[in-house]
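Here the structure is laid out as structure tokens; the discussion comes afterwards.
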Amino acid sequence: MAGHSKWKQIKHYKAATDAKRGALFTKLIREITVAAKAGGGDPDGNPRLRTAIDAAKASSMPKENIERAIKKGTGELEGVDYSEVLYEAYGPGGVALMIQALTDNPTRTVAEVRHKLARGNGNLGTTNSVAWMFDRKGQMLLDASKFEEDVAMEAALEAGAEDFERDEDTFVVTTEPTQLHAVKDALAAKGLVATDAAINWVPKNTVKVEGADAQALVKLLDALEDLDDVQKVEGNFELDAAALAEA
């Protein structure tokens with residue numbers, strides 16, 4: 001795989017975000033709405049919408065909330081018009097950050113993001129200042145304790161996966177973005193059910209961040225994730241174990 005996924009760290013930040021259920025639902029609803037607007041309200045023909053719906057269901061979002069968000073996206077119900085914005089930035093320790101946002105006011109959002117970066121020893125970059133350090137990929141996770149590694153790897157590669165690796169207690173399956181659901185369904189048909197699946201910015205290489213820089217980075221990531229308009233923050237960092245344990 002190009003770069004290391006560091007799923008343990010990703011799960012740490014996801015857990016922190018999930019704890020704020022109201023804020024999480026708001027972010028999920030925005031993604032469903034924008035996905036439906038961009039590609040239609042049928043998840044079978046709209047991979048991005050299907051990914052958003054799966055994430056909402058995994059977070060126990062009520063079915064009616066999901067359906068209402070889809071209808072707002074397709075125009076059946078009146079809703080807010082959100083724009084997709086991608087900010088490229090640098091954080092403590094020289095890490096590269098990809099900050100994805102959905103907003104009804106890009107001027108407000110960029111000001112908030114810039115403010116958080118400035119306070120957190122980071123700075124906003126220009127277009128393609130850090131994007132070239134990442135590949136856009138589909139990735140899914142399998143619980144390594146439930147499946148034989150050789151069996152899971154063979155099934156994943158036969159299903160069309162690009163890569164397969166073990167990250168401690170997790171198998172990470174990487175695909176082209178358009179193949180994520182096809183591979184996920186093929187694995188599920190063989191009893192290999194993914195615990196999570198998403199389209200991610202996967203770093204080609206990672207930067208080890210330690211000490212004060214690591215602590216500052218954790219605080220910055222949390223501050224950015226707390227912004228209502230920010231959907232997801234990804235980076236090419238690798239935190240040392242001590243920083244992760246204290247975060």
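Chain identifiers are assigned as A, B, and so on, following the order in which chains appear in the structure tokens; residues are numbered from 1 within each chain, and ligands are numbered from 1 in order of appearance.
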Please, which residues in segment 76-173 of chain A fall within 10 Å of segment 47-69 of chain A when counting only C-alpha atoms, and what is the closest atom pair and distance in Å to one decimal for each, ordered by chain then residue number, as a Markdown table?
```
| residue | atom | partner | partner_atom | distance |
| --- | --- | --- | --- | --- |
| A:Glu76 | CA | A:Arg68 | CA | 9.0 |
| A:Leu77 | CA | A:Arg68 | CA | 7.6 |
| A:Glu78 | CA | A:Arg68 | CA | 10.0 |
| A:Gly79 | CA | A:Ala69 | CA | 8.5 |
```
**Request:** Pick out the residues sitting within 10 Å of Trp132 of chain A, and hand them over as a list in words; count only C-alpha atoms, and ignore anything fewer than 4 positions along from it in its own chain.
**Result:**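 With the cut-off at 10 Å, the set is Thr127, Asn128, Pro203 and Lys204 of chain A.
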Export of prior selection with N, CA and C atoms as a PDB file, in the first residue's frame:
```pdb
ATOM      1  N   THR A 127      -3.703  25.476  -3.454  1.00  0.00           N
ATOM      2  CA  THR A 127      -4.173  24.298  -4.166  1.00  0.00           C
ATOM      3  C   THR A 127      -3.002  23.457  -4.663  1.00  0.00           C
ATOM      4  N   ASN A 128      -3.062  22.167  -4.359  1.00  0.00           N
ATOM      5  CA  ASN A 128      -2.045  21.174  -4.724  1.00  0.00           C
ATOM      6  C   ASN A 128      -0.713  21.361  -3.996  1.00  0.00           C
ATOM      7  N   PRO A 203      -1.909   8.633   2.312  1.00  0.00           N
ATOM      8  CA  PRO A 203      -0.587   9.236   2.095  1.00  0.00           C
ATOM      9  C   PRO A 203       0.374   8.282   1.403  1.00  0.00           C
ATOM     10  N   LYS A 204       1.176   8.829   0.486  1.00  0.00           N
ATOM     11  CA  LYS A 204       2.184   8.021  -0.193  1.00  0.00           C
ATOM     12  C   LYS A 204       3.325   7.684   0.760  1.00  0.00           C
TER      13      LYS A 204
END
```
**Message:** Considering only C-alpha atoms, can you say which of A:Phe237, A:Phe134, A:Tyr82, A:Phe164 comes closest to Glu210 of chain A?
**Reply:**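 Of the candidates, the smallest distance to Glu210 of chain A is held by A:Phe237.
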**Asked** With distances taken over only C-alpha atoms, which of A:Met98, A:Ala111, A:Ile70, A:Ala186 is nearest to Val202 of chain A?
**Response** A:Met98
**Prompt:** Quick one: DSSP strand (DSSP E or B) residues in segment 95-223 of chain A, as a PyMOL selection string?
**Reply:** chain A and resi 96-103+123-124+134-143+163-167+170-175+196-203+207-209
**Prompt:** For the atom pair atom CA of Lys232 of chain A and atom CA of Gln100 of chain A, what is the interatomic distance in Å to one decimal place?
**Reply:**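 Result for atom CA of Lys232 of chain A versus atom CA of Gln100 of chain A: 5.3 Å, one decimal.
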**Asked** Which parts of segment 42-122 of chain A does DSSP call alpha helix (DSSP H) when run on the backbone here, written out as a VMD selection string?
**Response** chain A and resid 47 to 58 63 to 74 106 to 119
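The space between atom CA of Ala194 of chain A and atom CA of Thr178 of chain A spans 16.8 Å.
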**Item:** 9 Å contact set for Ala152 of chain A, only C-alpha atoms, chain neighbours under 5 positions out, as a list in words
**Value:**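 Within the cut-off, the hits are Leu142, Ala144, Phe147, Leu157, Phe164, Phe171, Leu187 and Leu192 of chain A.
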**Request:** Point out the residue among A:Leu224, A:Tyr87, A:Asp229, A:Leu217 with the least atom-to-atom distance to Asn105 of chain A, counting only C-alpha atoms.
**Result:** A:Asp229
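Going from atom CA of Gln231 of chain A over to atom CA of Gly91 of chain A, you cover 17.7 Å.
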**Item:** Neighbour list for Asp81 of chain A as number ranges by chain, cut-off 9 Å, only C-alpha atoms, skip fewer than 3 positions in-chain
**Value:** A: 34, 73, 103-104
**Item:** Selected residue of minimal separation from Glu234 of chain A among A:Asp135, A:Asp213, A:Glu165, A:Glu158, counting only C-alpha atoms
**Value:** A:Asp135
**Message:** Could you check the closest approach to Ala188 of chain A for each of A:Leu117, A:Leu221, A:Ala159, A:Ala212 and tell me which residue wins, using only C-alpha atoms?
**Reply:** A:Ala159
**Request:** Can you pull out every residue within 10 Å of Glu112 of chain A, counting only C-alpha atoms, but drop anything in the same chain fewer than 6 positions away, and send it as a list of chain:residue names?
**Result:**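 Near Glu112 of chain A, the qualifying residues are A:Pro106, A:Ala118, A:Leu224, A:Leu227, A:Asp228, A:Asp229, A:Val230.
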